[in-house]
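With PDB, C-alpha atoms, pLDDT in the B column inside, this is protein_30.pdb:
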ATOM      1  CA  MET A 244       0.000   0.000   0.000  1.00 61.00           C
ATOM      2  CA  ILE A 245       2.795   2.378   0.815  1.00 63.00           C
ATOM      3  CA  GLU A 246       4.125   1.957  -2.718  1.00 67.00           C
ATOM      4  CA  THR A 247       0.790   3.116  -4.162  1.00 80.00           C
ATOM      5  CA  LEU A 248       0.423   6.297  -2.145  1.00 80.00           C
ATOM      6  CA  PRO A 249       0.212   9.378  -4.340  1.00 83.00           C
ATOM      7  CA  TRP A 250       3.248  11.081  -2.818  1.00 81.00           C
ATOM      8  CA  GLU A 251       2.538  14.414  -4.468  1.00 81.00           C
ATOM      9  CA  GLU A 252      -0.905  14.501  -2.790  1.00 83.00           C
ATOM     10  CA  VAL A 253       0.553  13.244   0.514  1.00 83.00           C
ATOM     11  CA  ALA A 254       3.031  16.116   0.437  1.00 86.00           C
ATOM     12  CA  GLY A 255       0.159  18.541  -0.224  1.00 87.00           C
ATOM     13  CA  ASP A 256      -2.115  17.271   2.626  1.00 86.00           C
ATOM     14  CA  PRO A 257      -0.320  14.864   5.015  1.00 87.00           C
ATOM     15  CA  ASP A 258      -3.006  15.146   7.730  1.00 90.00           C
ATOM     16  CA  LYS A 259      -5.588  13.539   5.437  1.00 87.00           C
ATOM     17  CA  TYR A 260      -3.330  10.553   4.765  1.00 87.00           C
ATOM     18  CA  ILE A 261      -2.284  10.213   8.410  1.00 90.00           C
ATOM     19  CA  GLU A 262      -5.962   9.932   9.358  1.00 89.00           C
ATOM     20  CA  LEU A 263      -6.654   7.407   6.567  1.00 88.00           C
ATOM     21  CA  LEU A 264      -3.596   5.313   7.492  1.00 90.00           C
ATOM     22  CA  GLU A 265      -4.488   5.363  11.202  1.00 91.00           C
ATOM     23  CA  GLU A 266      -8.009   4.133  10.363  1.00 92.00           C
ATOM     24  CA  ARG A 267      -6.520   1.376   8.222  1.00 90.00           C
ATOM     25  CA  GLU A 268      -4.154   0.434  11.063  1.00 92.00           C
ATOM     26  CA  VAL A 269      -7.095   0.074  13.489  1.00 93.00           C
ATOM     27  CA  GLU A 270      -8.927  -2.137  10.964  1.00 93.00           C
ATOM     28  CA  LEU A 271      -5.857  -4.315  10.524  1.00 94.00           C
ATOM     29  CA  GLN A 272      -5.432  -4.649  14.302  1.00 94.00           C
ATOM     30  CA  ARG A 273      -9.052  -5.812  14.602  1.00 94.00           C
ATOM     31  CA  ASP A 274      -8.527  -8.298  11.798  1.00 94.00           C
ATOM     32  CA  LEU A 275      -5.293  -9.511  13.386  1.00 94.00           C
ATOM     33  CA  PHE A 276      -7.074 -10.002  16.735  1.00 92.00           C
ATOM     34  CA  LYS A 277      -9.770 -12.084  15.042  1.00 93.00           C
ATOM     35  CA  VAL A 278      -7.173 -14.153  13.193  1.00 94.00           C
ATOM     36  CA  ARG A 279      -5.261 -14.798  16.433  1.00 92.00           C
ATOM     37  CA  GLN A 280      -8.453 -15.933  18.181  1.00 92.00           C
ATOM     38  CA  GLU A 281      -9.325 -18.287  15.337  1.00 94.00           C
ATOM     39  CA  LEU A 282      -5.764 -19.613  15.245  1.00 93.00           C
ATOM     40  CA  ARG A 283      -5.873 -20.338  18.984  1.00 91.00           C
ATOM     41  CA  LEU A 284      -9.168 -22.196  18.617  1.00 93.00           C
ATOM     42  CA  VAL A 285      -7.939 -24.216  15.641  1.00 94.00           C
ATOM     43  CA  ARG A 286      -4.800 -25.177  17.592  1.00 92.00           C
ATOM     44  CA  GLN A 287      -7.011 -26.361  20.474  1.00 92.00           C
ATOM     45  CA  VAL A 288      -9.027 -28.484  18.053  1.00 94.00           C
ATOM     46  CA  GLN A 289      -5.804 -29.884  16.610  1.00 94.00           C
ATOM     47  CA  LYS A 290      -4.514 -30.768  20.082  1.00 90.00           C
ATOM     48  CA  GLN A 291      -7.767 -32.542  20.989  1.00 91.00           C
ATOM     49  CA  MET A 292      -7.640 -34.469  17.713  1.00 93.00           C
ATOM     50  CA  GLN A 293      -4.067 -35.547  18.469  1.00 91.00           C
ATOM     51  CA  ILE A 294      -5.113 -36.737  21.932  1.00 87.00           C
ATOM     52  CA  ALA A 295      -8.066 -38.638  20.469  1.00 88.00           C
ATOM     53  CA  ASN A 296      -5.819 -40.288  17.856  1.00 89.00           C
ATOM     54  CA  GLU A 297      -3.299 -41.235  20.529  1.00 84.00           C
ATOM     55  CA  TRP A 298      -6.068 -42.760  22.674  1.00 80.00           C
ATOM     56  CA  ARG A 299      -7.340 -44.726  19.671  1.00 85.00           C
ATOM     57  CA  SER A 300      -3.912 -46.205  19.047  1.00 82.00           C
ATOM     58  CA  THR A 301      -2.724 -46.779  22.640  1.00 80.00           C
ATOM     59  CA  GLY A 302      -5.926 -46.783  24.673  1.00 80.00           C
ATOM     60  CA  ILE A 303      -7.166 -44.303  27.240  1.00 77.00           C
ATOM     61  CA  PRO A 304      -4.539 -43.827  29.968  1.00 76.00           C
ATOM     62  CA  GLU A 305      -5.268 -44.733  33.578  1.00 75.00           C
ATOM     63  CA  GLN A 306      -6.203 -41.951  35.970  1.00 71.00           C
ATOM     64  CA  ARG A 307      -3.196 -40.394  37.680  1.00 67.00           C
ATOM     65  CA  GLN A 308      -2.444 -41.797  41.113  1.00 63.00           C
ATOM     66  CA  PRO A 309      -0.971 -39.798  43.985  1.00 62.00           C
ATOM     67  CA  ASP A 310       2.789 -39.996  44.429  1.00 56.00           C
ATOM     68  CA  THR A 311       3.302 -43.227  46.379  1.00 51.00           C
ATOM     69  CA  ASP A 312       7.073 -42.762  46.707  1.00 50.00           C
ATOM     70  CA  SER A 313       6.729 -39.712  48.929  1.00 48.00           C
ATOM     71  CA  ASP A 314       8.272 -39.867  52.383  1.00 48.00           C
ATOM     72  CA  ASN A 315       5.448 -37.714  53.787  1.00 48.00           C
ATOM     73  CA  THR A 316       2.669 -40.308  53.630  1.00 48.00           C
ATOM     74  CA  GLU A 317       2.211 -43.880  54.677  1.00 50.00           C
ATOM     75  CA  THR A 318       0.285 -46.059  52.283  1.00 47.00           C
ATOM     76  CA  THR A 319      -1.788 -49.152  52.599  1.00 47.00           C
ATOM     77  CA  PRO A 320      -2.655 -51.458  49.739  1.00 50.00           C
ATOM     78  CA  ALA A 321      -6.167 -51.044  48.447  1.00 48.00           C
ATOM     79  CA  ALA A 322      -8.099 -52.747  45.676  1.00 50.00           C
ATOM     80  CA  SER A 323      -7.066 -50.095  43.130  1.00 51.00           C
ATOM     81  CA  GLY A 324      -3.446 -49.179  43.815  1.00 57.00           C
ATOM     82  CA  PHE A 325      -2.343 -47.366  46.953  1.00 63.00           C
ATOM     83  CA  GLN A 326      -4.332 -45.100  49.195  1.00 68.00           C
ATOM     84  CA  ALA A 327      -2.850 -42.653  51.694  1.00 80.00           C
ATOM     85  CA  VAL A 328      -3.464 -43.333  55.380  1.00 84.00           C
ATOM     86  CA  PRO A 329      -5.451 -40.434  56.851  1.00 89.00           C
ATOM     87  CA  ARG A 330      -3.525 -37.953  58.977  1.00 92.00           C
ATOM     88  CA  LYS A 331      -5.698 -38.607  62.039  1.00 92.00           C
ATOM     89  CA  THR A 332      -4.918 -42.320  61.864  1.00 92.00           C
ATOM     90  CA  ARG A 333      -1.195 -41.614  61.623  1.00 92.00           C
ATOM     91  CA  ILE A 334      -1.414 -39.225  64.591  1.00 92.00           C
ATOM     92  CA  MET A 335      -3.216 -41.851  66.660  1.00 92.00           C
ATOM     93  CA  ARG A 336      -0.689 -44.551  65.726  1.00 92.00           C
ATOM     94  CA  LEU A 337       2.211 -42.282  66.650  1.00 92.00           C
ATOM     95  CA  MET A 338       0.798 -41.198  69.992  1.00 92.00           C
ATOM     96  CA  ALA A 339      -0.307 -44.731  70.914  1.00 91.00           C
ATOM     97  CA  GLN A 340       3.345 -45.818  70.817  1.00 91.00           C
ATOM     98  CA  ASP A 341       3.982 -43.793  74.007  1.00 89.00           C
ATOM     99  CA  PRO A 342       0.569 -43.135  75.609  1.00 89.00           C
ATOM    100  CA  LEU A 343       1.998 -41.207  78.576  1.00 91.00           C
ATOM    101  CA  ARG A 344       4.013 -38.750  76.505  1.00 92.00           C
ATOM    102  CA  ARG A 345       2.751 -35.210  76.129  1.00 93.00           C
ATOM    103  CA  TRP A 346       3.087 -33.919  72.582  1.00 93.00           C
ATOM    104  CA  LYS A 347       3.103 -30.452  71.067  1.00 94.00           C
ATOM    105  CA  ALA A 348       1.523 -30.176  67.620  1.00 92.00           C
ATOM    106  CA  LEU A 349       4.926 -29.269  66.135  1.00 93.00           C
ATOM    107  CA  GLU A 350       6.475 -32.434  67.597  1.00 93.00           C
ATOM    108  CA  VAL A 351       3.705 -34.531  66.061  1.00 93.00           C
ATOM    109  CA  ALA A 352       4.121 -32.772  62.711  1.00 93.00           C
ATOM    110  CA  ASN A 353       7.892 -33.340  62.773  1.00 92.00           C
ATOM    111  CA  ALA A 354       7.463 -37.005  63.688  1.00 92.00           C
ATOM    112  CA  LEU A 355       5.064 -37.445  60.744  1.00 91.00           C
ATOM    113  CA  ASN A 356       7.402 -35.537  58.392  1.00 91.00           C
ATOM    114  CA  GLU A 357       4.725 -32.866  57.983  1.00 90.00           C
ATOM    115  CA  ALA A 358       6.429 -29.870  59.558  1.00 88.00           C
ATOM    116  CA  ASP A 359       5.242 -27.773  56.620  1.00 91.00           C
ATOM    117  CA  LYS A 360       1.644 -28.729  57.449  1.00 91.00           C
ATOM    118  CA  ILE A 361       1.690 -27.856  61.150  1.00 92.00           C
ATOM    119  CA  LYS A 362      -1.700 -26.141  60.998  1.00 94.00           C
ATOM    120  CA  SER A 363      -3.328 -29.200  59.464  1.00 93.00           C
ATOM    121  CA  VAL A 364      -1.782 -31.415  62.135  1.00 93.00           C
ATOM    122  CA  ARG A 365      -3.002 -29.053  64.875  1.00 94.00           C
ATOM    123  CA  VAL A 366      -6.545 -29.041  63.457  1.00 94.00           C
ATOM    124  CA  ALA A 367      -6.556 -32.846  63.229  1.00 93.00           C
ATOM    125  CA  ALA A 368      -5.283 -33.136  66.819  1.00 93.00           C
ATOM    126  CA  ASP A 369      -7.990 -30.724  68.026  1.00 94.00           C
ATOM    127  CA  GLU A 370     -10.648 -32.759  66.236  1.00 93.00           C
ATOM    128  CA  LEU A 371      -9.296 -35.951  67.807  1.00 93.00           C
ATOM    129  CA  ALA A 372      -9.393 -34.258  71.217  1.00 92.00           C
ATOM    130  CA  LYS A 373     -13.015 -33.226  70.686  1.00 93.00           C
ATOM    131  CA  SER A 374     -13.918 -36.787  69.775  1.00 91.00           C
ATOM    132  CA  GLY A 375     -12.172 -38.088  72.907  1.00 90.00           C
ATOM    133  CA  SER A 376      -9.385 -39.944  71.113  1.00 90.00           C
ATOM    134  CA  LEU A 377      -6.785 -37.527  72.483  1.00 93.00           C
ATOM    135  CA  ILE A 378      -6.628 -35.402  75.596  1.00 93.00           C
ATOM    136  CA  LYS A 379      -5.836 -31.728  75.130  1.00 93.00           C
ATOM    137  CA  LEU A 380      -3.833 -30.500  78.108  1.00 92.00           C
ATOM    138  CA  PRO A 381      -3.005 -26.944  79.184  1.00 91.00           C
ATOM    139  CA  ASN A 382      -0.405 -25.090  77.121  1.00 89.00           C
ATOM    140  CA  ALA A 383      -1.533 -26.901  73.942  1.00 88.00           C
ATOM    141  CA  PHE A 384      -0.105 -30.307  74.802  1.00 94.00           C
ATOM    142  CA  TYR A 385      -1.817 -33.430  73.492  1.00 94.00           C
ATOM    143  CA  GLN A 386      -1.793 -36.890  75.042  1.00 93.00           C
ATOM    144  CA  TYR A 387      -3.126 -40.221  73.854  1.00 92.00           C
ATOM    145  CA  ALA A 388      -6.466 -41.136  75.444  1.00 87.00           C
ATOM    146  CA  PRO A 389      -6.667 -44.901  75.806  1.00 78.00           C
ATOM    147  CA  SER A 390     -10.062 -46.234  74.811  1.00 70.00           C
ATOM    148  CA  GLN A 391     -12.057 -47.216  77.849  1.00 56.00           C
ATOM    149  CA  GLN A 392     -13.654 -50.571  77.243  1.00 49.00           C
ATOM    150  CA  PRO A 393     -15.985 -52.114  79.860  1.00 46.00           C
TER
END
Any chance you could give the structure as structure tokens?
Amino acid sequence: MIETLPWEEVAGDPDKYIELLEEREVELQRDLFKVRQELRLVRQVQKQMQIANEWRSTGIPEQRQPDTDSDNTETTPAASGFQAVPRKTRIMRLMAQDPLRRWKALEVANALNEADKIKSVRVAADELAKSGSLIKLPNAFYQYAPSQQP
């Protein structure tokens, strides 16, 4: 387009051509935006088609399982792979090993390798205390509450 501009007229009235070129630039930007949107959508369709073709040739993959190699969780075998042992169960197992010991939530979290989840451990210990499985002592100590069987 720039090659076809009548340069003699442009030199005579540049404001007119600046306005026309700015309008054309806005139109081109709108067109470019639309093209980019369509390109993004077509790429999404292409990706989904590739996934579908892969599934046809290799089968649908199994659902992702949680990381069973992690040091932070115990696991027990279940019918479909491994399932993490709930935090409350691990807390009870830990504290049952020394029923007379008084534990701080941080000590429990460290023993379970969950120091980064201290708040979650504290909440679980509070819930266990409310249910009577643990005893909450002054100064935020917790102690194992042996089950009282008749």
Minimum-distance residue to A:Ser363, chosen among A:Gln386, A:Met292, A:Ile334, A:Trp346 (using all atoms listed in the file):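 Looking at the shortest contact to A:Ser363, the residue is A:Ile334.
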Nearest residue to A:Ala339 from the set A:Ala367, A:Ile361, A:Leu284, A:Leu377 (distances using all atoms listed in the file):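 Among the listed residues, the smallest separation from A:Ala339 belongs to A:Leu377.
Put simply, atom CA of A:Arg279 is 22.6 Å away from atom CA of A:Ile294.
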Protein/DNA/RNA residues near (-4.3, -33.5, 71.5), cut 9 Å, all atoms listed in the file, as a VMD selection string: chain A and resid 345 to 348 365 367 to 373 376 to 380 383 to 388
Separation of atom CA of A:Arg273 from atom CA of A:Ala254 in Å: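 Straight-line distance from atom CA of A:Ala254 to atom CA of A:Arg273 works out to 28.8 Å.
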Coordinates-based distance that separates atom CA of A:Ala352 from atom CA of A:Val364 (Å, one decimal): 6.1 Å
Residues within 12 Å of (-1.2, 9.9, 4.7), counting only C-alpha atoms, listed as a VMD selection string: chain A and resid 244 to 245 247 to 268
A:Arg333 surroundings by only C-alpha atoms, 10 Å radius, close-in-sequence under 3 positions cut, as a VMD selection string: chain A and resid 316 to 317 328 to 330 336 to 339 351 355
Six-sided padding of 6 Å per side, axis-aligned box over stretch 278-282 of chain A, centre and edges in Å, one decimal, as JSON:
{"center_x": -7.3, "center_y": -16.9, "center_z": 15.7, "size_x": 16.1, "size_y": 17.5, "size_z": 17.0}
